[in-house]
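Shown here: target.txt, compact mmCIF, C-alpha atoms.
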# COMPACT_ATOMS: atom_id res chain seq x y z
CA MET A 1 15.76 32.40 -4.30
CA THR A 2 19.00 34.00 -5.33
CA ILE A 3 22.50 33.26 -4.32
CA ALA A 4 24.40 36.35 -3.33
CA ARG A 5 28.06 36.70 -2.62
CA PHE A 6 29.09 38.40 0.58
CA LEU A 7 32.79 38.73 1.33
CA GLY A 8 33.43 35.90 -1.09
CA LYS A 9 30.95 33.48 0.49
CA GLU A 10 27.67 32.34 -0.98
CA VAL A 11 24.65 33.43 1.03
CA LEU A 12 21.28 31.98 0.17
CA GLN A 13 18.76 34.80 -0.09
CA MET A 14 15.03 34.22 -0.07
CA ASP A 15 12.81 36.94 -1.47
CA THR A 16 10.15 38.59 0.67
CA LYS A 17 7.23 36.56 -0.68
CA GLU A 18 9.16 33.35 0.10
CA TYR A 19 9.80 34.45 3.70
CA LEU A 20 6.09 35.19 4.18
CA GLU A 21 5.02 31.90 2.57
CA TYR A 22 7.49 30.05 4.78
CA ILE A 23 5.78 31.52 7.84
CA VAL A 24 2.34 30.35 6.63
CA LYS A 25 3.19 26.96 5.14
CA VAL A 26 6.09 25.68 7.23
CA ILE A 27 5.57 27.26 10.65
CA HIS A 28 1.95 28.48 10.62
CA THR A 29 1.42 28.99 14.38
CA THR A 30 3.25 32.12 15.52
CA VAL A 31 3.40 34.17 18.70
CA VAL A 32 1.97 37.64 18.15
CA ALA A 33 2.51 40.59 20.48
CA THR A 34 0.39 43.68 20.85
CA ALA A 35 0.55 46.45 23.47
CA ASP A 36 -2.16 47.25 26.01
CA ASP A 37 -3.40 50.71 27.03
CA GLU A 38 -0.41 51.11 29.35
CA GLY A 39 2.02 50.23 26.56
CA LEU A 40 2.77 46.87 28.15
CA PRO A 41 3.11 43.82 25.89
CA VAL A 42 0.65 40.92 25.59
CA THR A 43 1.36 37.73 23.62
CA ALA A 44 -0.82 35.03 22.10
CA ALA A 45 -0.48 32.09 19.72
CA ILE A 46 -2.00 33.13 16.37
CA ASP A 47 -2.04 31.12 13.15
CA MET A 48 -0.92 32.90 9.98
CA MET A 49 -3.53 31.71 7.51
CA ASP A 50 -2.25 32.98 4.17
CA ALA A 51 0.39 35.16 2.52
CA ASP A 52 0.73 37.00 -0.76
CA GLU A 53 2.72 39.92 -2.12
CA SER A 54 0.49 42.24 -0.05
CA GLY A 55 1.33 40.67 3.29
CA LEU A 56 0.14 38.12 5.85
CA TYR A 57 -3.44 37.26 6.82
CA PHE A 58 -4.89 35.97 10.08
CA LEU A 59 -8.24 35.75 11.91
CA THR A 60 -9.35 36.65 15.37
CA ALA A 61 -12.59 36.90 17.31
CA LYS A 62 -13.98 40.35 18.05
CA GLY A 63 -14.58 39.46 21.70
CA LYS A 64 -10.91 39.11 22.53
CA GLY A 65 -8.67 41.71 24.13
CA PHE A 66 -6.32 40.97 21.23
CA TYR A 67 -8.91 42.40 18.81
CA ASP A 68 -9.23 45.63 20.82
CA ARG A 69 -5.45 46.07 20.93
CA LEU A 70 -5.08 45.50 17.19
CA VAL A 71 -7.79 48.04 16.36
CA LYS A 72 -6.37 50.61 18.78
CA ARG A 73 -2.67 50.60 17.78
CA GLN A 74 -2.93 48.96 14.33
CA TYR A 75 0.46 47.34 14.92
CA LEU A 76 1.90 44.02 15.96
CA ALA A 77 5.13 42.05 16.26
CA LEU A 78 5.42 38.32 15.78
CA THR A 79 8.00 35.56 15.94
CA ALA A 80 7.49 32.26 14.14
CA MET A 81 9.74 29.34 15.12
CA LYS A 82 10.39 26.08 13.34
CA GLY A 83 11.63 23.14 15.35
CA LYS A 84 11.30 22.83 19.08
CA GLY A 85 13.14 23.94 22.20
CA THR A 86 16.86 24.11 21.78
CA MET A 87 16.44 22.32 18.47
CA SER A 88 14.76 25.38 16.94
CA SER A 89 16.30 25.72 13.51
CA VAL A 90 14.65 28.83 12.09
CA ALA A 91 13.07 31.89 13.68
CA VAL A 92 11.35 34.56 11.59
CA SER A 93 10.27 37.80 13.22
CA ILE A 94 8.09 40.55 11.78
CA ARG A 95 6.96 43.97 13.00
CA GLY A 96 4.37 45.92 11.13
CA LYS A 97 1.12 47.68 10.52
CA VAL A 98 -2.21 45.85 10.47
CA ARG A 99 -5.65 46.64 9.15
CA GLU A 100 -8.97 44.89 9.66
CA LEU A 101 -10.46 43.41 6.50
CA GLY A 102 -13.58 42.04 8.22
CA ASN A 103 -15.31 39.26 6.31
CA GLU A 104 -13.25 39.77 3.19
CA ARG A 105 -11.29 36.59 2.42
CA MET A 106 -13.00 34.67 5.24
CA PRO A 107 -14.31 31.78 3.09
CA GLU A 108 -10.95 31.47 1.34
CA LEU A 109 -9.01 31.34 4.64
CA PHE A 110 -11.35 28.64 5.98
CA GLU A 111 -10.90 26.65 2.78
CA LYS A 112 -7.12 26.89 3.02
CA ASN A 113 -7.25 26.05 6.74
CA PRO A 114 -9.98 23.43 7.18
CA TYR A 115 -9.11 22.81 10.86
CA MET A 116 -10.89 26.12 11.55
CA LYS A 117 -14.19 24.36 10.88
CA GLU A 118 -13.56 22.27 14.00
CA ILE A 119 -13.12 25.34 16.19
CA TYR A 120 -15.93 27.40 14.60
CA PRO A 121 -18.23 24.68 13.22
CA THR A 122 -21.34 26.71 12.36
CA GLU A 123 -22.08 29.92 10.48
CA GLU A 124 -23.53 31.34 13.69
CA SER A 125 -20.35 30.62 15.64
CA MET A 126 -18.30 32.37 12.95
CA ARG A 127 -20.05 35.71 13.58
CA ALA A 128 -17.32 36.77 16.00
CA LEU A 129 -14.54 36.29 13.47
CA THR A 130 -12.77 38.97 11.49
CA VAL A 131 -9.79 38.95 9.11
CA PHE A 132 -6.70 41.10 9.60
CA GLN A 133 -3.90 41.84 7.14
CA ILE A 134 -0.31 42.70 8.10
CA TYR A 135 0.29 44.95 5.09
CA GLU A 136 3.56 46.76 5.74
CA GLY A 137 6.51 45.72 7.84
CA THR A 138 10.08 44.67 8.42
CA GLY A 139 11.28 41.13 9.01
CA GLU A 140 14.26 39.22 10.30
CA TRP A 141 15.17 35.65 9.51
CA PHE A 142 17.49 33.59 11.75
CA ASN A 143 18.91 30.17 10.98
CA LEU A 144 19.90 28.95 14.43
CA SER A 145 21.09 25.53 13.31
CA LYS A 146 24.12 26.95 11.55
CA LYS A 147 27.37 27.69 13.33
CA PRO A 148 27.84 30.64 13.38
CA ILE A 149 24.12 31.47 13.19
CA GLU A 150 22.88 33.20 10.02
CA ARG A 151 20.53 36.15 9.89
CA ALA A 152 18.95 38.21 7.09
CA SER A 153 16.45 41.06 6.99
CA PHE A 154 13.62 41.93 4.61
CA THR A 155 10.70 44.34 4.21
CA PHE A 156 7.26 44.24 2.60
CA GLY A 157 4.55 46.71 1.69
CA GLY A 158 7.01 49.53 1.20
CA ALA A 159 8.37 49.63 4.75
CA GLU A 160 11.72 51.38 5.09
CA LYS A 161 14.65 49.04 5.56
CA LYS A 162 16.78 50.33 8.42
CA ALA A 163 20.22 48.83 8.96
CA LYS A 164 20.44 47.91 12.62
CA GLY A 165 23.31 46.37 14.48
CA TYR A 166 27.01 46.97 14.99
CA PHE A 167 29.36 48.43 12.37
CA ILE A 168 33.09 49.26 12.40
CA THR A 169 34.11 52.72 11.23
CA ASP A 170 37.34 54.08 9.74
CA ALA A 171 38.57 54.82 13.25
CA CYS A 172 39.55 51.14 13.47
CA ILE A 173 43.25 50.63 14.31
CA GLY A 174 43.27 46.86 13.79
CA CYS A 175 44.19 46.00 17.40
CA GLY A 176 42.10 42.81 17.48
CA SER A 177 40.29 43.58 20.77
CA CYS A 178 36.87 43.16 19.17
CA ALA A 179 37.68 39.88 17.43
CA ALA A 180 38.97 38.45 20.70
CA VAL A 181 35.58 38.85 22.39
CA CYS A 182 33.24 37.98 19.53
CA PRO A 183 31.18 34.88 20.43
CA GLN A 184 30.49 34.10 16.78
CA ASN A 185 34.02 34.71 15.51
CA CYS A 186 32.46 36.85 12.81
CA ILE A 187 34.79 39.83 12.56
CA VAL A 188 36.87 39.82 9.38
CA THR A 189 40.36 41.01 10.19
CA ASP A 190 42.00 40.67 6.75
CA SER A 191 42.11 44.43 6.29
CA ILE A 192 41.58 47.64 8.25
CA PRO A 193 38.94 48.72 9.09
CA TYR A 194 37.81 45.30 10.24
CA ILE A 195 34.36 44.22 9.08
CA ILE A 196 31.61 42.66 11.20
CA GLU A 197 29.83 39.96 9.22
CA GLN A 198 26.26 41.19 9.63
CA GLU A 199 24.71 37.88 8.65
CA HIS A 200 26.32 36.20 11.69
CA CYS A 201 26.18 38.98 14.25
CA LEU A 202 24.29 38.31 17.51
CA HIS A 203 24.18 42.00 18.46
CA CYS A 204 25.76 41.09 21.80
CA GLY A 205 27.71 44.39 21.94
CA ASN A 206 31.00 42.89 23.15
CA CYS A 207 32.93 44.50 20.28
CA LEU A 208 31.68 48.00 21.07
CA THR A 209 32.59 47.57 24.73
CA ALA A 210 36.02 46.13 23.91
CA CYS A 211 37.10 48.68 21.29
CA PRO A 212 39.69 51.04 22.82
CA VAL A 213 39.14 53.78 20.20
CA GLY A 214 35.35 53.84 19.86
CA ALA A 215 35.46 52.55 16.28
CA VAL A 216 32.34 50.39 16.68
CA GLU A 217 29.08 52.12 15.90
CA ARG A 218 25.67 50.89 17.00
CA ARG A 219 22.76 51.69 14.64
CA MET B 1 -1.03 18.14 40.69
CA THR B 2 -4.49 18.07 42.12
CA ILE B 3 -7.72 16.96 40.60
CA ALA B 4 -10.46 19.46 41.05
CA ARG B 5 -14.14 19.04 40.29
CA PHE B 6 -15.82 21.69 38.20
CA LEU B 7 -19.51 21.26 37.41
CA GLY B 8 -19.14 17.57 38.11
CA LYS B 9 -16.17 17.03 35.78
CA GLU B 10 -12.61 16.32 36.79
CA VAL B 11 -10.18 19.04 35.80
CA LEU B 12 -6.48 18.40 36.13
CA GLN B 13 -4.83 21.33 37.89
CA MET B 14 -1.11 21.90 37.88
CA ASP B 15 0.36 24.11 40.55
CA THR B 16 2.31 27.24 39.65
CA LYS B 17 5.78 25.72 40.10
CA GLU B 18 4.76 22.89 37.75
CA TYR B 19 3.59 25.34 35.07
CA LEU B 20 6.91 27.22 35.28
CA GLU B 21 8.97 24.02 35.21
CA TYR B 22 6.95 22.84 32.21
CA ILE B 23 7.97 26.00 30.36
CA VAL B 24 11.67 25.41 31.11
CA LYS B 25 11.93 21.65 30.73
CA VAL B 26 9.35 20.75 28.09
CA ILE B 27 9.16 23.84 25.88
CA HIS B 28 12.29 25.87 26.74
CA THR B 29 12.37 28.24 23.72
CA THR B 30 9.67 30.88 24.08
CA VAL B 31 8.71 34.06 22.26
CA VAL B 32 9.15 37.09 24.51
CA ALA B 33 7.64 40.51 23.83
CA THR B 34 8.78 43.85 25.13
CA ALA B 35 7.66 47.35 24.14
CA ASP B 36 9.85 50.01 22.51
CA ASP B 37 9.98 53.72 23.35
CA GLU B 38 6.83 54.31 21.29
CA GLY B 39 4.97 51.58 23.15
CA LEU B 40 5.06 49.32 20.09
CA PRO B 41 5.76 45.61 20.58
CA VAL B 42 8.95 43.75 19.63
CA THR B 43 9.31 39.95 19.80
CA ALA B 44 12.28 37.58 20.00
CA ALA B 45 12.94 33.90 20.65
CA ILE B 46 14.35 33.59 24.20
CA ASP B 47 15.18 30.39 26.08
CA MET B 48 13.83 30.05 29.61
CA MET B 49 16.84 28.61 31.40
CA ASP B 50 15.51 27.72 34.84
CA ALA B 51 12.49 28.01 37.13
CA ASP B 52 11.88 27.88 40.87
CA GLU B 53 9.27 29.12 43.30
CA SER B 54 10.60 32.65 42.75
CA GLY B 55 9.99 32.71 39.01
CA LEU B 56 11.66 32.15 35.65
CA TYR B 57 15.25 32.90 34.65
CA PHE B 58 16.77 33.77 31.28
CA LEU B 59 19.90 35.39 29.82
CA THR B 60 20.45 38.10 27.30
CA ALA B 61 23.34 40.15 25.95
CA LYS B 62 23.65 43.77 27.05
CA GLY B 63 24.21 44.94 23.47
CA LYS B 64 20.74 44.02 22.32
CA GLY B 65 17.75 46.31 22.00
CA PHE B 66 15.92 43.65 24.01
CA TYR B 67 18.16 44.42 27.00
CA ASP B 68 17.43 48.17 26.80
CA ARG B 69 13.68 47.53 26.64
CA LEU B 70 13.76 45.16 29.63
CA VAL B 71 15.68 47.64 31.74
CA LYS B 72 13.45 50.52 30.74
CA ARG B 73 9.99 49.01 31.35
CA GLN B 74 10.95 46.06 33.60
CA TYR B 75 8.11 44.06 32.06
CA LEU B 76 7.58 41.37 29.48
CA ALA B 77 5.03 38.98 28.04
CA LEU B 78 5.82 35.55 26.65
CA THR B 79 4.12 32.60 25.01
CA ALA B 80 5.67 29.15 25.03
CA MET B 81 4.26 26.55 22.62
CA LYS B 82 4.67 22.80 22.60
CA GLY B 83 4.18 20.96 19.34
CA LYS B 84 4.30 22.60 15.95
CA GLY B 85 1.99 24.49 13.63
CA THR B 86 -1.59 23.35 13.79
CA MET B 87 -0.42 20.42 15.86
CA SER B 88 0.44 22.70 18.80
CA SER B 89 -0.89 20.93 21.83
CA VAL B 90 -0.07 23.30 24.68
CA ALA B 91 0.46 27.05 24.86
CA VAL B 92 1.52 28.76 28.10
CA SER B 93 1.53 32.56 28.30
CA ILE B 94 2.94 34.77 31.03
CA ARG B 95 2.98 38.52 31.66
CA GLY B 96 5.04 39.94 34.42
CA LYS B 97 7.72 42.04 36.04
CA VAL B 98 11.40 41.43 35.46
CA ARG B 99 14.57 42.43 37.25
CA GLU B 100 18.20 42.15 36.20
CA LEU B 101 20.29 39.83 38.39
CA GLY B 102 23.51 40.38 36.44
CA ASN B 103 26.09 37.63 36.91
CA GLU B 104 24.18 35.99 39.73
CA ARG B 105 23.27 32.42 38.75
CA MET B 106 25.22 32.66 35.49
CA PRO B 107 27.45 29.59 36.09
CA GLU B 108 24.44 27.57 37.24
CA LEU B 109 22.40 28.48 34.15
CA PHE B 110 25.29 27.51 31.85
CA GLU B 111 25.67 24.22 33.68
CA LYS B 112 21.97 23.46 33.31
CA ASN B 113 22.05 24.57 29.66
CA PRO B 114 25.35 23.36 28.20
CA TYR B 115 24.43 24.37 24.63
CA MET B 116 25.14 27.95 25.73
CA LYS B 117 28.85 27.10 25.73
CA GLU B 118 28.60 26.68 21.95
CA ILE B 119 27.16 30.14 21.46
CA TYR B 120 29.40 31.89 24.02
CA PRO B 121 32.47 29.63 24.10
CA THR B 122 34.93 31.79 26.05
CA GLU B 123 34.88 33.77 29.28
CA GLU B 124 35.63 36.90 27.23
CA SER B 125 32.64 36.32 24.97
CA MET B 126 30.39 35.92 28.04
CA ARG B 127 31.09 39.49 29.19
CA ALA B 128 28.02 40.76 27.38
CA LEU B 129 25.68 38.37 29.16
CA THR B 130 23.38 39.15 32.07
CA VAL B 131 20.68 37.16 33.90
CA PHE B 132 17.09 38.33 34.28
CA GLN B 133 14.38 36.99 36.58
CA ILE B 134 10.64 37.16 35.89
CA TYR B 135 9.66 37.42 39.56
CA GLU B 136 5.96 38.32 39.59
CA GLY B 137 3.28 37.63 37.04
CA THR B 138 0.11 36.03 35.78
CA GLY B 139 -0.07 33.03 33.49
CA GLU B 140 -2.49 31.21 31.24
CA TRP B 141 -2.29 27.59 30.15
CA PHE B 142 -4.11 26.30 27.04
CA ASN B 143 -4.45 22.69 25.99
CA LEU B 144 -5.31 23.04 22.32
CA SER B 145 -5.42 19.31 21.58
CA LYS B 146 -8.58 18.80 23.57
CA LYS B 147 -12.02 19.35 22.11
CA PRO B 148 -13.30 21.69 23.45
CA ILE B 149 -9.96 23.35 24.29
CA GLU B 150 -9.03 23.62 27.97
CA ARG B 151 -7.60 26.68 29.68
CA ALA B 152 -6.45 27.51 33.22
CA SER B 153 -4.85 30.55 34.85
CA PHE B 154 -2.22 30.94 37.56
CA THR B 155 -0.08 33.57 39.26
CA PHE B 156 3.36 33.68 40.89
CA GLY B 157 5.32 36.06 43.05
CA GLY B 158 2.22 37.49 44.65
CA ALA B 159 0.61 38.88 41.49
CA GLU B 160 -3.10 39.58 41.77
CA LYS B 161 -5.29 37.02 40.03
CA LYS B 162 -7.92 38.84 38.01
CA ALA B 163 -10.83 36.88 36.54
CA LYS B 164 -11.05 37.81 32.88
CA GLY B 165 -13.48 36.59 30.31
CA TYR B 166 -17.22 36.28 29.87
CA PHE B 167 -19.70 35.60 32.70
CA ILE B 168 -23.49 35.26 32.79
CA THR B 169 -25.37 37.30 35.40
CA ASP B 170 -28.72 36.81 37.10
CA ALA B 171 -30.36 38.76 34.30
CA CYS B 172 -30.31 35.51 32.27
CA ILE B 173 -33.77 34.44 31.02
CA GLY B 174 -32.68 31.05 29.67
CA CYS B 175 -33.59 31.78 26.04
CA GLY B 176 -30.71 29.77 24.58
CA SER B 177 -29.44 32.48 22.21
CA CYS B 178 -25.93 32.32 23.65
CA ALA B 179 -25.65 28.56 23.57
CA ALA B 180 -26.72 28.56 19.92
CA VAL B 181 -23.71 30.64 18.87
CA CYS B 182 -21.02 29.22 21.15
CA PRO B 183 -18.23 27.65 19.04
CA GLN B 184 -17.09 25.45 21.91
CA ASN B 185 -20.56 24.37 23.06
CA CYS B 186 -19.44 25.31 26.57
CA ILE B 187 -22.49 27.01 28.04
CA VAL B 188 -24.26 24.88 30.66
CA THR B 189 -27.99 25.29 30.26
CA ASP B 190 -29.21 22.90 33.00
CA SER B 191 -30.33 25.77 35.20
CA ILE B 192 -30.89 29.54 35.03
CA PRO B 193 -28.74 31.56 35.03
CA TYR B 194 -26.76 29.60 32.46
CA ILE B 195 -23.07 29.11 33.22
CA ILE B 196 -20.15 29.62 30.81
CA GLU B 197 -17.53 26.91 31.40
CA GLN B 198 -14.50 29.12 31.90
CA GLU B 199 -12.02 26.35 31.28
CA HIS B 200 -13.31 25.95 27.71
CA CYS B 201 -14.15 29.53 26.78
CA LEU B 202 -12.38 31.05 23.73
CA HIS B 203 -13.39 34.61 24.67
CA CYS B 204 -14.89 35.00 21.18
CA GLY B 205 -17.68 37.26 22.49
CA ASN B 206 -20.51 35.67 20.47
CA CYS B 207 -22.59 35.11 23.62
CA LEU B 208 -22.45 38.74 24.69
CA THR B 209 -23.47 39.88 21.21
CA ALA B 210 -26.29 37.31 20.98
CA CYS B 211 -27.85 37.88 24.43
CA PRO B 212 -31.11 39.84 24.04
CA VAL B 213 -31.17 41.04 27.68
CA GLY B 214 -27.52 42.00 28.27
CA ALA B 215 -26.99 39.20 30.78
CA VAL B 216 -23.44 38.45 29.64
CA GLU B 217 -20.74 40.45 31.37
CA ARG B 218 -17.21 40.90 30.08
CA ARG B 219 -14.48 41.24 32.72
Any chance you could give the structure as structure tokens?
Amino acid sequence: MTIARFLGKEVLQMDTKEYLEYIVKVIHTTVVATADDEGLPVTAAIDMMDADESGLYFLTAKGKGFYDRLVKRQYLALTAMKGKGTMSSVAVSIRGKVRELGNERMPELFEKNPYMKEIYPTEESMRALTVFQIYEGTGEWFNLSKKPIERASFTFGGAEKKAKGYFITDACIGCGSCAAVCPQNCIVTDSIPYIIEQEHCLHCGNCLTACPVGAVERR
Amino acid sequence: MTIARFLGKEVLQMDTKEYLEYIVKVIHTTVVATADDEGLPVTAAIDMMDADESGLYFLTAKGKGFYDRLVKRQYLALTAMKGKGTMSSVAVSIRGKVRELGNERMPELFEKNPYMKEIYPTEESMRALTVFQIYEGTGEWFNLSKKPIERASFTFGGAEKKAKGYFITDACIGCGSCAAVCPQNCIVTDSIPYIIEQEHCLHCGNCLTACPVGAVERR
């Protein structure tokens, strides 16, 4: 981990491998979404079995609709949450490309996740299983227990990092309309143009709506 | 709740309103998936604020990409999990149609979920918020703590209930090949044709692959 300074405050930064290992070791069961033939989403609980610098690894059975959707679009999104209900402390989301590895790594994943032997107890029963790798993607980390909430983004496998969210341009006149409607109180008004603290922004859009001169840009 | 008998065993059945209330009261924070303009999935942690016979209710901010995707496709999928990691005991998934209600029910949802006042503390900050209703859909309930696992399906709002999964037809010759490869040991072989116990089936597909006479049908 590194400690970065952002607008004079310390922000704890994990590196990509640490984010991925957190998903596997601390959260483990995630909700994965794929799209069906009509482009409509489908979700399922999927365990992330392992992580390394090349991505995340999970298993599925070839008889499931999930398998067909993965093979067809080669893409998924997932959110992994630590804690429960309104006590959720951390949420990590990933979107990215997947590829089927087949039997490669299967013994290793079972060794690292011995509970799988209870669900698929015999070699014969394991025939349906296949390993997938999420090898390239973008991620977002949210710490929901902090006030204001904290967020950070990361990439792996060479995915392009795109800055998304709300940003204030030089058109800012310092009127304070945006700061007045910000639920997270995360607009720095010390100088003009004001600055939206990206690591606390909820993307609610209030600032853009409130700005009388169109100085808030959505990317 | 009712107790139904299936192949001589008691199966606890919740009714639809109970499944929806379970999501709101016991699990509350769910992972919701929508699809983007390219038909690729996006996931986010969303709290289910309330439920009644007409569906599930949640809030979002109009500045989020999530809002745009909901308005565009009017459809979502979600999975709600109780317990954590490999100790997850229950997973409930829903797919269905959504509509924006706007400010309708907003005060009621804040009253029932007072933590929202911490995130959106002022009337001004609440401007971005809008209420959505999931008014028609299909659901699946999984109890992962049982061995073999238990599953059940339900619908609400008039959605059509489609039987999905693996079923054995009259072509069955009682050879036992399917039962030998079933990870859940959930094929009843007392009479021919054999019967797959739907409430325990993982949809792994081993049986269909193993059957020498093509007697297993996938719906």
- request: Output as a PyMOL selection string the set of chain A residues within 8 Å of chain B, with distances taken over only C-alpha atoms.
  value: chain A and resi 26-35+39-45+47+61-64+75-79+81-86+88+91+93+95+119-122+124-129+180-184+203-206
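Our summary of the geometry notes that CA of Asp52 in chain A is positioned 7.5 Å from CA of Leu20 in chain A.
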message: When you count all atoms listed in the file, which of these residues is closest to Glu140 in chain B: B:Val213, B:Tyr19, B:Ile196, B:Phe167?
response: B:Tyr19
- prompt: What gap, in Å, lies between CA of Glu160 in chain B and CA of Ser89 in chain B?
  reply: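 Straight-line distance from CA of Glu160 in chain B to CA of Ser89 in chain B works out to 27.4 Å.
Picture a line from CA of Gly176 in chain A to CA of Cys211 in chain A; it runs 8.6 Å.
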message: Excluding Gly55 in chain A and its own-chain neighbours fewer than 6 positions away, which residues fall within 10 Å of it when counting all atoms listed in the file? Please give them as a PyMOL selection string.
response: chain A and resi 16-17+20-21+96+98+133-137+156-157
- request: Write out as a list in words which residues come within 10 Å of Asp190 in chain A when counting only C-alpha atoms, dropping same-chain ones fewer than 4 positions away.
  value: Gly174, Tyr194 and Ile195 of chain A
field: Distance query range 100-103 of chain B at most 6 Å, all atoms listed in the file, self and fewer than 5 positions along chain excluded, as a ChimeraX atom specification
entry: /B:130-132
Let me have the centre and edge lengths in Å, one decimal, of the box along x, y and z around every listed atom of range 169-183 of chain B with 4 Å of margin on each side, as AutoDock Vina command-line options.
--center_x -26.0 --center_y 33.2 --center_z 28.0 --size_x 23.5 --size_y 19.1 --size_z 26.2
